[in-house]
Amino acid sequence: MIPDLDTARRLLEEGWQRNPGPWKNHSLTAAHCAKTIAERLKMRGNDIDPEKACILGILHDIGRREGVTWLAHTIDGYDYLMSLGYDEPARICLTHSFPEKDVNTYIGRHDISAEDEQRLITLLHSFDYDDYDRLIQLCDSIAMPDGPASIIERMTDVKNRYGHYPQSKWNKNLELKRYFEDKMGCRVEEAVGISPL
């Protein structure tokens with residue numbers, strides 16, 4: 001089950017009021033990109049709902065409502081949305097950070113208990129990724145707070161801020177980009193309005 005668009009926007013605003021930061025605009029950028037790409041996919045006959053993609057983009061980082069955290073934002077978002085009965089966006093809170101189902105590829109501190117980390121691992125491996133999971137993973141990797149950026153620019157920004165970026169995750173993100181470009185019949189940059197450098 002997922003909330004409607006107005007409810008998703010309200011949850012994001014409430015979360016941002018609890019913990020203001022650039023994550024709100026990042027989430028809105030991811031949502032815009034997800035909707036735009038989904039519209040292109042739908043025009044080419046793919047079974048995907050642009051509004052649902054938008055809602056999932058809005059809520060993918062909702063765990064950040066709990067404060068300035070790292071890995072914890074994934075499980076916090078999952079638990080919060082599950083408590084509201086929104087199992088589909090709850091799942092995205094977990095899967096958006098893991099194009100590979102490997103918690104060791106997470107860039108940042110593992111600020112959760114051993115029990116929660118094991119629960120996260122178990123949940124990730126229980127999911128059979130679909131195009132919504134993959135789409136939000138891609139959109140998360142191109143969404144900056146001030147708008148979409150090229151995937152290389154965004155990953156380089158993360159690498160510069162954290163000092164590293166796992167090569168396997170870098171490669172997987174580029175694979176996701178190619179996957180959706182093949183389905184759309186155009187480049188991601190064209191679909192979401194990123195100007196060429």
# chains A, B, ... in the order shown; residues from 1 in each chain; ligands from 1
call {"tool": "select_by_dssp", "arguments": {"residues": "region 15-189 of chain A", "states": "alpha helix (DSSP H)", "output": "NGL selection string"}}
result
:A and (15-18 or 23-43 or 50-59 or 72-83 or 87-95 or 114-126 or 131-140 or 151-162 or 167-184 or 188-189)
call {"tool": "residues_around", "arguments": {"residues": "Asp146 (chain A)", "least_positions_apart": "5", "cutoff": "10 Å", "atoms": "only C-alpha atoms", "output": "ChimeraX atom specification"}}
result
/A:22,25-26,28-29
call {"tool": "write_last_selection", "arguments": {"atoms": "N, CA, C and O atoms", "output": "compact mmCIF listing (two decimals), in the first residue's frame"}}
result
# COMPACT_ATOMS: atom_id res chain seq x y z
N PRO A 22 19.00 19.56 3.69
CA PRO A 22 18.88 19.47 2.23
C PRO A 22 18.22 18.19 1.75
O PRO A 22 17.89 18.08 0.57
N ASN A 25 14.83 18.73 -0.30
CA ASN A 25 14.93 19.09 -1.71
C ASN A 25 15.55 17.97 -2.53
O ASN A 25 15.19 17.78 -3.70
N HIS A 26 16.48 17.22 -1.95
CA HIS A 26 17.02 16.03 -2.62
C HIS A 26 15.89 15.05 -2.93
O HIS A 26 15.81 14.51 -4.04
N LEU A 28 12.67 15.70 -3.27
CA LEU A 28 11.80 16.26 -4.31
C LEU A 28 12.44 16.15 -5.69
O LEU A 28 11.75 15.87 -6.68
N THR A 29 13.76 16.32 -5.76
CA THR A 29 14.46 16.15 -7.03
C THR A 29 14.37 14.69 -7.49
O THR A 29 14.08 14.41 -8.66
call {"tool": "select_by_dssp", "arguments": {"residues": "region 69-171 of chain A", "states": "strand (DSSP E)", "output": "ChimeraX atom specification"}}
result
/A:143-144,147-148
call {"tool": "closest_residue", "arguments": {"among": "A:Gly193, A:Asp87, A:Thr36, A:Leu5", "to": "Lys52 (chain A)", "atoms": "only C-alpha atoms"}}
result
A:Leu5
call {"tool": "closest_residue", "arguments": {"among": "A:Met43, A:Ile92, A:Leu81, A:Ile62", "to": "Asp131 (chain A)", "atoms": "only C-alpha atoms"}}
result
A:Ile92
call {"tool": "residues_around", "arguments": {"residues": "Glu175 (chain A)", "least_positions_apart": "6", "cutoff": "10 Å", "atoms": "only C-alpha atoms", "output": "list of chain:residue names"}}
result
A:Pro99, A:Leu138, A:Lys169, A:Glu181
call {"tool": "atom_distance", "arguments": {"atom1": "CA of Glu190 (chain A)", "atom2": "CA of Ala8 (chain A)"}}
result
26.8 Å
call {"tool": "residues_around", "arguments": {"residues": "region 171-173 of chain A", "least_positions_apart": "2", "cutoff": "9 Å", "atoms": "only C-alpha atoms", "output": "list of chain:residue names"}}
result
A:Pro99, A:Glu100, A:Gln137, A:Leu138, A:Ser141, A:Ile151, A:Pro166, A:Gln167, A:Ser168, A:Lys169, A:Glu175, A:Leu176, A:Lys177, A:Arg178
call {"tool": "closest_residue", "arguments": {"among": "A:Cys139, A:Leu124, A:Val68, A:Ile2", "to": "Arg18 (chain A)", "atoms": "only C-alpha atoms"}}
result
A:Val68
call {"tool": "residues_around", "arguments": {"residues": "Glu66 (chain A)", "least_positions_apart": "3", "cutoff": "10 Å", "atoms": "only C-alpha atoms", "output": "list in words"}}
result
Gly15, Trp16, Arg18, Asn19, Ile62, Gly63, Thr69, Ala72, His73, Asp76, Gly77 and Tyr80 of chain A
call {"tool": "write_last_selection", "arguments": {"atoms": "N, CA, C and O atoms", "output": "compact mmCIF listing (two decimals), in the first residue's frame"}}
result
# COMPACT_ATOMS: atom_id res chain seq x y z
N GLY A 15 8.38 15.59 8.25
CA GLY A 15 9.70 15.05 8.55
C GLY A 15 10.76 16.13 8.50
O GLY A 15 11.65 16.19 9.37
N TRP A 16 10.65 17.00 7.50
CA TRP A 16 11.61 18.10 7.36
C TRP A 16 11.50 19.09 8.52
O TRP A 16 12.50 19.62 8.99
N ARG A 18 10.78 18.30 11.52
CA ARG A 18 11.46 17.64 12.65
C ARG A 18 12.97 17.72 12.52
O ARG A 18 13.68 17.83 13.51
N ASN A 19 13.46 17.60 11.28
CA ASN A 19 14.91 17.59 11.03
C ASN A 19 15.21 18.33 9.73
O ASN A 19 15.39 17.72 8.68
N ILE A 62 12.71 9.32 3.99
CA ILE A 62 11.88 9.81 5.09
C ILE A 62 12.47 9.45 6.46
O ILE A 62 12.17 10.11 7.46
N GLY A 63 13.33 8.45 6.51
CA GLY A 63 13.98 8.10 7.78
C GLY A 63 14.84 9.22 8.33
O GLY A 63 15.17 9.23 9.52
N THR A 69 21.56 11.14 10.55
CA THR A 69 22.05 9.78 10.70
C THR A 69 22.63 9.30 9.37
O THR A 69 22.57 10.01 8.36
N ALA A 72 21.34 4.42 9.51
CA ALA A 72 20.10 4.36 10.31
C ALA A 72 18.90 4.93 9.55
O ALA A 72 17.76 4.51 9.79
N HIS A 73 19.12 5.88 8.63
CA HIS A 73 17.97 6.48 7.96
C HIS A 73 17.19 5.46 7.14
O HIS A 73 15.99 5.62 6.91
N ASP A 76 15.17 3.36 9.83
CA ASP A 76 14.21 4.27 10.47
C ASP A 76 13.05 4.58 9.53
O ASP A 76 11.89 4.61 9.96
N GLY A 77 13.36 4.83 8.26
CA GLY A 77 12.31 5.09 7.28
C GLY A 77 11.42 3.88 7.09
O GLY A 77 10.18 4.00 7.01
N TYR A 80 9.17 3.48 10.20
CA TYR A 80 8.16 4.55 10.27
C TYR A 80 7.03 4.29 9.28
O TYR A 80 5.85 4.32 9.64
call {"tool": "closest_residue", "arguments": {"among": "A:Glu117, A:Glu51, A:Asp102, A:Glu153", "to": "Pro3 (chain A)", "atoms": "only C-alpha atoms"}}
result
A:Glu51
call {"tool": "atom_distance", "arguments": {"atom1": "CA of His125 (chain A)", "atom2": "CA of Ala90 (chain A)"}}
result
14.9 Å
call {"tool": "closest_residue", "arguments": {"among": "A:Ile55, A:Leu12, A:Ala114, A:Asp133", "to": "Lys24 (chain A)", "atoms": "only C-alpha atoms"}}
result
A:Leu12
call {"tool": "residues_around", "arguments": {"residues": "Ile112 (chain A)", "least_positions_apart": "6", "cutoff": "9 Å", "atoms": "only C-alpha atoms", "output": "ChimeraX atom specification"}}
result
/A:70-72,75
call {"tool": "write_last_selection", "arguments": {"atoms": "N, CA and C atoms", "output": "mmCIF file, in the first residue's frame"}}
result
data_model
loop_
_atom_site.group_PDB
_atom_site.id
_atom_site.type_symbol
_atom_site.label_atom_id
_atom_site.label_comp_id
_atom_site.auth_asym_id
_atom_site.auth_seq_id
_atom_site.Cartn_x
_atom_site.Cartn_y
_atom_site.Cartn_z
ATOM 1 N N TRP A 70 23.161 8.120 9.388
ATOM 2 C CA TRP A 70 23.790 7.530 8.208
ATOM 3 C C TRP A 70 22.962 6.326 7.760
ATOM 4 N N LEU A 71 23.489 5.141 7.978
ATOM 5 C CA LEU A 71 22.751 3.929 7.603
ATOM 6 C C LEU A 71 21.402 3.854 8.313
ATOM 7 N N ALA A 72 21.335 4.420 9.511
ATOM 8 C CA ALA A 72 20.095 4.356 10.305
ATOM 9 C C ALA A 72 18.901 4.928 9.553
ATOM 10 N N ILE A 75 16.650 2.064 7.887
ATOM 11 C CA ILE A 75 15.788 1.241 8.740
ATOM 12 C C ILE A 75 14.779 2.104 9.490
#
call {"tool": "residues_around", "arguments": {"residues": "Val103 (chain A)", "least_positions_apart": "5", "cutoff": "9 Å", "atoms": "only C-alpha atoms", "output": "list in words"}}
result
Leu71, Ser97, Phe98, His110, Glu117, Leu120 and Ile121 of chain A
call {"tool": "write_last_selection", "arguments": {"atoms": "N, CA and C atoms", "output": "compact mmCIF listing (two decimals), in the first residue's frame"}}
result
# COMPACT_ATOMS: atom_id res chain seq x y z
N LEU A 71 23.49 5.14 7.98
CA LEU A 71 22.75 3.93 7.60
C LEU A 71 21.40 3.85 8.31
N SER A 97 19.31 2.54 -1.14
CA SER A 97 20.75 2.68 -0.85
C SER A 97 21.58 1.48 -1.30
N PHE A 98 20.91 0.46 -1.83
CA PHE A 98 21.61 -0.78 -2.11
C PHE A 98 21.29 -1.35 -3.49
N HIS A 110 27.92 2.95 9.91
CA HIS A 110 26.91 1.94 10.21
C HIS A 110 26.42 2.20 11.64
N GLU A 117 21.12 -4.23 11.91
CA GLU A 117 21.87 -4.48 10.68
C GLU A 117 21.53 -5.86 10.12
N LEU A 120 18.15 -5.62 8.54
CA LEU A 120 18.27 -4.95 7.25
C LEU A 120 18.76 -5.93 6.19
N ILE A 121 19.80 -6.69 6.51
CA ILE A 121 20.35 -7.67 5.56
C ILE A 121 19.28 -8.70 5.18
call {"tool": "closest_residue", "arguments": {"among": "A:Ile194, A:Phe180, A:Ser27, A:Gly67", "to": "Tyr132 (chain A)", "atoms": "only C-alpha atoms"}}
result
A:Phe180
call {"tool": "atom_distance", "arguments": {"atom1": "CA of Lys159 (chain A)", "atom2": "CA of Ala191 (chain A)"}}
result
25.0 Å
